[in-house]
Structures are given as structure tokens and as C-alpha cells.
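**Student:** What follows is a single structure, and I will ask about it in a moment.
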2 protein chains.
Amino acid sequence: MNKISTREKIIKTADQLFYENGFDHTSFADVAAKVGISRGNFYHHFKSKDDILKAVIERRRKNTLDMIDEWEQNVGTPKGRIKCYINIFIKNQSLIKDFGCPVGTLTNEMAKLNHAQAKDAVAIFMLFKDWLVVQFERAGCNNNAAELSMHVLSWSQGAATLYNAFQDDEFLKNELVQINAWLDTQIKEG
Amino acid sequence: MNKISTREKIIKTADQLFYENGFDHTSFADVAAKVGISRGNFYHHFKSKDDILKAVIERRRKNTLDMIDEWEQNVGTPKGRIKCYINIFIKNQSLIKDFGCPVGTLTNEMAKLNHAQAKDAVAIFMLFKDWLVVQFERAGCNNNAAELSMHVLSWSQGAATLYNAFQDDEFLKNELVQINAWLDTQIKEG
DNA sequence: GTCTATAACTGGATAGAC
DNA sequence: GTCTATCCAGTTATAGAC
């Protein structure tokens with residue numbers, strides 16, 4: 001019986017609430033109510049709110065690494081793997097429509113709060129970036145792999161922000177078509 | 001003597017603090033302290049925090065319209081005016097580095113807070129979008145003016161988000177060069 | 001010993017009366 | 001402009017249940 005521990009439940013719930021309502025705006029009471037435990041009980045599992053944030057970021061980091069790993073194992077070409085990244089925005093479409101990109105919105109909130117863990121949040125972005133660079137290099141784009149990677153990140157981030165603002169399904173669909181088309185001009189084979 | 005009224009001072013200060021620290025995280029006391037008035041005095045000018053937000057969004061709306069108006073009057077070609085929009089990101093570079101784009105970050109915060117004024121915040125985005133469509137149409141891009149406009153917004157938004165996260169001056173500089181170069185391929189004259 | 005619930009403390013928030 | 005009421009956040013202390 002692989003029962004999910006209370007600690008894991010707290011992290012998972014906090015992850016969701018931080019994403020949907022913002023870190024600052026999410027209270028212990030909110031998380032506790034959703035998990036179904038008392039507020040005071042929290043401190044048996046976490047020393048402070050920042051401690052939960054740390055665990056949430058670590059969880060997201062791990063999930064990102066697992067996802068990247070899965071692409072590496074199951075998708076044969078660098079271009080195909082980059083398209084997997086782009087497809088996240090389709091897979092998570094309804095969440096992005098309501099709350100934006102979890103990575104970009106957290107890094108910005110950390111920046112505005114001048115939070116000590118801002119850099120840890122940015123590290124998730126960095127995971128994607130470094131991985132994308134490797135893909136572009138494998139695809140033969142050795143001169144400008146970094147620029148191309150940042151462009152993919154930048155474009156998809158902007159699409160997420162505008163989709164969240166305008167709520168226009170056609171727009172997102174079209175943007176992703178455009179990104180894929182652009183990718184085809186950058187990488188011929190695959 | 002065109003003395004700035006207390007009300008105007010409150011709005012201006014709230015505008016800045018909402019941008020730099022986030023709307024939710026900014027308290028009455030923060031604004032009051034920065035303006036130099038007592039908290040009680042606040043209620044003479046604003047009934048509630050949402051009331052200030054309303055005034056702040058209206059201020060931003062007006063500032064945006066004024067800026068667009070100025071471009072219309074002083075810049076001769078549609079392409080030149082679109083480049084004025086792109087140049088905002090250079091002009092406000094250091095602020096964007098620290099806090100992101102004021103429009104995109106506010107709309108996202110409103111979305112996460114499920115705030116009643118979310119649509120008013122999005123309206124600022126809409127001002128830029130509608131105006132960009134007119135510019136692209138004037139430049140002869142009648143078939144895809146809407147798509148091109150959204151692409152400019154999307155790309156610049158993404159660049160702002162990543163610049164805020166990575167703090168990489170070279171990246172922002174390069175992205176803006178790329179956007180301008182792309183614009184030159186879309187609009188020949190001007 | 002591990003987990004949980006209850007209660008209480010402290011500070012800061014909105015709100016409003018005077 | 002001061003002063004107070006009320007509420008809710010994060011946190012801590014304590015004591016009980018498994």
C-alpha cells in the first residue's frame with residue numbers, strides 16, 4: 001500500500017494553490033483546509049511558509065526533469081523533442097488560460113516580492129533553457145543554439161501571457177502553429 | 001501653481017507600488033506611508049482598495065492613450081510607430097528587469113486573484129493591440145494585421161518575462177534587434 | 001515517537017467612528 | 001488626524017491520539 005504521506009499531500013496542494021492563486025495570496029488556512037488537516041499541524045511537517053515554497057519548487061524541478069527524461073527516452077529526434085516542449089502548452093491549455101504559465105508567473109511573483117528563493121524559481125526556467133540548447137546543438141545549430149532556445153522560451157512565454165489575458169483559443173492555436181512552422185525553418189531534418 | 005492634489009499623489013504612488021510589489025502585497029499603510037498621510041485620511045479619497053485599483057488602471061489607460069497619441073503626431077510611418085512600441089522596452093529596461101512588464105504582470109495577478117477588475121486590466125493590452133492592428137493595416141498588411149499585432153505583443157511580453165527572470169542584458173538587446181529585423185521583413189517601406 | 005488538534009500569541013491588514 | 005474595532009495572517013505551545 002503506497003499511501004501518500006501527509007507531507008506529500010501538503011506539497012502537492014500548496015503547489016496547486018501557489019499556481020492558481022499566487023504564493024503570497026495563499027494562506028496556511030487555505031492549504032490546510034484543502035488537505036484536511038489543522039493549521040497548527042503544519043509545523044510538524046514544515047518549519048515555515050518559505051519551507052513549503054522550497055519543497056514546492058523542488059517538486060516542480062523534479063517533475064520537469066522527469067518530463068525531459070521521458071522525452072529523451074521516447075522521442076527520436078531533437079526537433080521532435082523540442083516540439084514536445086511546445087506541446088506542453090496544448091496539454092496544459094485550460095490551466096494556462098486561467099492562471100498563465102506556472103514557471104513564468106512564479107519567477108515574476110518572486111521578483112516582485114524580492115524573495116530569497118527567486119533564484120530557485122528561475123532555475124526551472126534554466127532547466128528548460130539548457131536542455132533546449134542541447135537539442136538545437138544536436139540538430140546542428142551550433143552557432144546560435146542559445147539564441148534559438150531563448151527564442152522558443154520567449155515566444156511561448158508571451159503566448160501564455162496573452163492567452164491568459166485575452167482568453168482567445170484561436171490565438172493560442174495559431175501561435176503554436178507558427179512556432180512549429182518557425183522550428184521547421186530552423187531545423188530541416190527530423 | 002499647478003499643485004498636485006493628494007488624490008493624484010495617492011494614485012501615482014499606488015500605481016508604482018502595485019507594479020513593483022504586486023497589488024495584493026501592497027497595503028494601504030504602504031501607500032499612506034509613501035505619500036506621507038495618515039491611514040484614516042485615505043478614506044476621504046478612496047472607499048476601498050479596489051477603488052484605488054480602479055483609479056490606477058484608469059491612470060495607466062490614460063497614460064497609454066497619451067503615449068499612442070504622441071506617436072501618432074510625431075512619427076511619420078506606421079513602421080516607425082510600431083518601433084516606438086518596441087522601444088518602450090528599452091526606455092523602461094531597468095524597471096522591466098526588476099519587475100517585468102506592468103501590463104502583463106497585472107493582468108496575470110488579476111487572473112490569479114480572480115479579481116472583478118481583471119477585464120479592465122486586460123483593456124490596456126487591448127489598447128495596444130487595436131492600435132497595432134491599425135498600424136499594420138496602414139502599412140498594407142490587410143490580410144494578417146491581427147496576427148502580426150498579436151505576434152509583436154506576444155514576443156515582447158515573452159522577452160520581458162525572460163529578461164526579468166534571467167537578468168541578461170545581452171538577451172534583451174538581442175531580442176529587440178530580432179523583433180525589429182522581423183518587422184522589416186513584414187513591412188518594406190518606411 | 002510520530003502525528004494531530006486546539007488554543008493562543010503577535011503583527012499587520014482593512015475598516016470606520018470620533 | 002487619531003484612535004479603535006475586527007479580522008486574518010504566520011507562528012508557537014501544549015496536550016492528546018495512535
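By convention in this document, the chains of the C-alpha cells carry letters A, B, ... by their order, each chain's residues are numbered from 1, and ligands are numbered from 1 in the order they are shown.
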Which residues of chain C come within 9 Å of chain B, and for each one, what is the closest pair of atoms and their distance in Å to one decimal, counting only C-alpha atoms (C1' of nucleotides), sorted by chain and residue number, as a tab-separated table?
**Tutor:**
residue	atom	partner	partner_atom	distance
C:DA13	C1'	B:Ser27	CA	7.3
C:DT14	C1'	B:Phe28	CA	8.3
C:DA15	C1'	B:Ser48	CA	8.8
C:DG16	C1'	B:Gly40	CA	8.6
**Student:** Once you count only C-alpha atoms (C1' of nucleotides), which residues of chain D turn out to be within 10 Å of chain A? Could you give them as JSON, numbers by chain?
**Tutor:** {"D": [8, 9, 10, 11, 12]}
**Student:** Just to be explicit: take each residue in the selection above, keep N, CA and C atoms (P, O5', C5', C4', C3', O3' and C1' of nucleotides), and write the result as a PDB file, in the first residue's frame.
**Tutor:**
ATOM      1  P    DC D   8     -11.831  36.804   8.812  1.00  0.00           P
ATOM      2  O5'  DC D   8     -10.362  36.495   8.291  1.00  0.00           O
ATOM      3  C5'  DC D   8      -9.681  37.428   7.440  1.00  0.00           C
ATOM      4  C4'  DC D   8      -8.179  37.261   7.615  1.00  0.00           C
ATOM      5  C3'  DC D   8      -7.726  35.798   7.769  1.00  0.00           C
ATOM      6  O3'  DC D   8      -6.612  35.566   6.939  1.00  0.00           O
ATOM      7  C1'  DC D   8      -6.791  37.133   9.455  1.00  0.00           C
ATOM      8  P    DA D   9      -6.282  34.113   6.476  1.00  0.00           P
ATOM      9  O5'  DA D   9      -4.692  34.122   6.389  1.00  0.00           O
ATOM     10  C5'  DA D   9      -4.041  35.172   5.685  1.00  0.00           C
ATOM     11  C4'  DA D   9      -2.751  35.551   6.396  1.00  0.00           C
ATOM     12  C3'  DA D   9      -1.896  34.368   6.835  1.00  0.00           C
ATOM     13  O3'  DA D   9      -0.934  34.091   5.834  1.00  0.00           O
ATOM     14  C1'  DA D   9      -2.097  36.002   8.594  1.00  0.00           C
ATOM     15  P    DG D  10      -0.123  32.716   5.920  1.00  0.00           P
ATOM     16  O5'  DG D  10       0.902  32.960   7.104  1.00  0.00           O
ATOM     17  C5'  DG D  10       1.959  33.888   6.929  1.00  0.00           C
ATOM     18  C4'  DG D  10       2.794  33.943   8.200  1.00  0.00           C
ATOM     19  C3'  DG D  10       3.498  32.624   8.529  1.00  0.00           C
ATOM     20  O3'  DG D  10       4.853  32.876   8.882  1.00  0.00           O
ATOM     21  C1'  DG D  10       2.117  33.284  10.357  1.00  0.00           C
ATOM     22  P    DT D  11       5.833  31.646   9.177  1.00  0.00           P
ATOM     23  O5'  DT D  11       5.675  31.444  10.739  1.00  0.00           O
ATOM     24  C5'  DT D  11       5.841  32.565  11.618  1.00  0.00           C
ATOM     25  C4'  DT D  11       5.426  32.184  13.017  1.00  0.00           C
ATOM     26  C3'  DT D  11       6.036  30.875  13.537  1.00  0.00           C
ATOM     27  O3'  DT D  11       7.076  31.202  14.446  1.00  0.00           O
ATOM     28  C1'  DT D  11       3.763  31.215  14.236  1.00  0.00           C
ATOM     29  P    DT D  12       7.998  30.038  15.062  1.00  0.00           P
ATOM     30  O5'  DT D  12       7.235  29.728  16.420  1.00  0.00           O
ATOM     31  C5'  DT D  12       6.899  30.792  17.299  1.00  0.00           C
ATOM     32  C4'  DT D  12       6.086  30.250  18.455  1.00  0.00           C
ATOM     33  C3'  DT D  12       6.648  28.968  19.095  1.00  0.00           C
ATOM     34  O3'  DT D  12       6.892  29.225  20.473  1.00  0.00           O
ATOM     35  C1'  DT D  12       4.303  28.805  18.722  1.00  0.00           C
TER      36       DT D  12
END
**Student:** Using only C-alpha atoms, find which residues of chain B lie within 6 Å of chain A and jot them down as a PyMOL selection string.
**Tutor:** chain B and resi 20-21+99+112-113+122+154-155+157-159+165
**Student:** Got a sec: who's within 9 Å of DC3 (chain C), counting only C-alpha atoms (C1' of nucleotides), leaving out chain neighbours fewer than 6 positions off, as JSON, numbers by chain?
**Tutor:** {"A": [41, 44], "D": [17, 18]}
**Student:** Residues within 12 Å of DG16 (chain D), please, as a PyMOL selection string. Count only C-alpha atoms (C1' of nucleotides); anything in the same chain fewer than 5 positions from it doesn't count.
**Tutor:** chain C and resi 3-6
**Student:** Mind writing the picked residues with N, CA, C and O atoms (P, O5', C5', C4', C3', O3' and C1' of nucleotides) as a CSV table (one decimal), in the first residue's frame?
**Tutor:**
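Result file follows (result-v7.csv):
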chain,number,residue,atom,x,y,z
C,3,DC,P,5.5,11.2,11.3
C,3,DC,O5',4.0,11.7,11.6
C,3,DC,C5',2.9,10.8,11.4
C,3,DC,C4',1.7,11.4,12.2
C,3,DC,C3',1.1,12.7,11.7
C,3,DC,O3',-0.2,12.4,11.1
C,3,DC,C1',1.2,12.6,14.1
C,4,DT,P,-0.9,13.5,10.3
C,4,DT,O5',-1.8,14.2,11.4
C,4,DT,C5',-2.7,13.4,12.2
C,4,DT,C4',-3.3,14.2,13.3
C,4,DT,C3',-3.8,15.5,12.9
C,4,DT,O3',-5.3,15.5,12.9
C,4,DT,C1',-2.6,15.6,15.0
C,5,DA,P,-6.1,16.8,12.5
C,5,DA,O5',-6.4,17.4,13.9
C,5,DA,C5',-6.9,16.6,15.0
C,5,DA,C4',-7.3,17.4,16.2
C,5,DA,C3',-7.9,18.8,15.9
C,5,DA,O3',-9.0,19.0,16.8
C,5,DA,C1',-5.9,19.1,17.1
C,6,DT,P,-9.9,20.3,16.7
C,6,DT,O5',-9.4,21.2,17.9
C,6,DT,C5',-9.2,20.6,19.2
C,6,DT,C4',-8.6,21.6,20.1
C,6,DT,C3',-9.1,23.1,19.9
C,6,DT,O3',-9.6,23.5,21.2
C,6,DT,C1',-6.8,23.1,19.9
**Student:** In Å, with one decimal, what is the gap from C1' of DT2 (chain D) to CA of Arg39 (chain B)?
**Tutor:**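 Here the two named atoms are 9.9 Å from each other.
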**Student:** List every residue of region 6-80 of chain A that DSSP, applied to the backbone of this structure, places in helix (DSSP H, G or I), and write the result as JSON, numbers by chain.
**Tutor:** {"A": [6, 7, 8, 9, 10, 11, 12, 13, 14, 15, 16, 17, 18, 19, 20, 21, 28, 29, 30, 31, 32, 33, 34, 35, 42, 43, 44, 45, 49, 50, 51, 52, 53, 54, 55, 56, 57, 58, 59, 60, 61, 62, 63, 64, 65, 66, 67, 68, 69, 70, 71, 72, 73, 74, 78, 79, 80]}
**Student:** Quick check, in Å to one decimal: how far apart do CA of Ile52 (chain A) and CA of Ala14 (chain A) lie?
**Tutor:** 7.5 Å
**Student:** What's the separation between CA of Asp168 (chain B) and CA of Asp51 (chain A), in Å to one decimal place?
**Tutor:**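 Straight-line distance from CA of Asp168 (chain B) to CA of Asp51 (chain A) works out to 28.3 Å.
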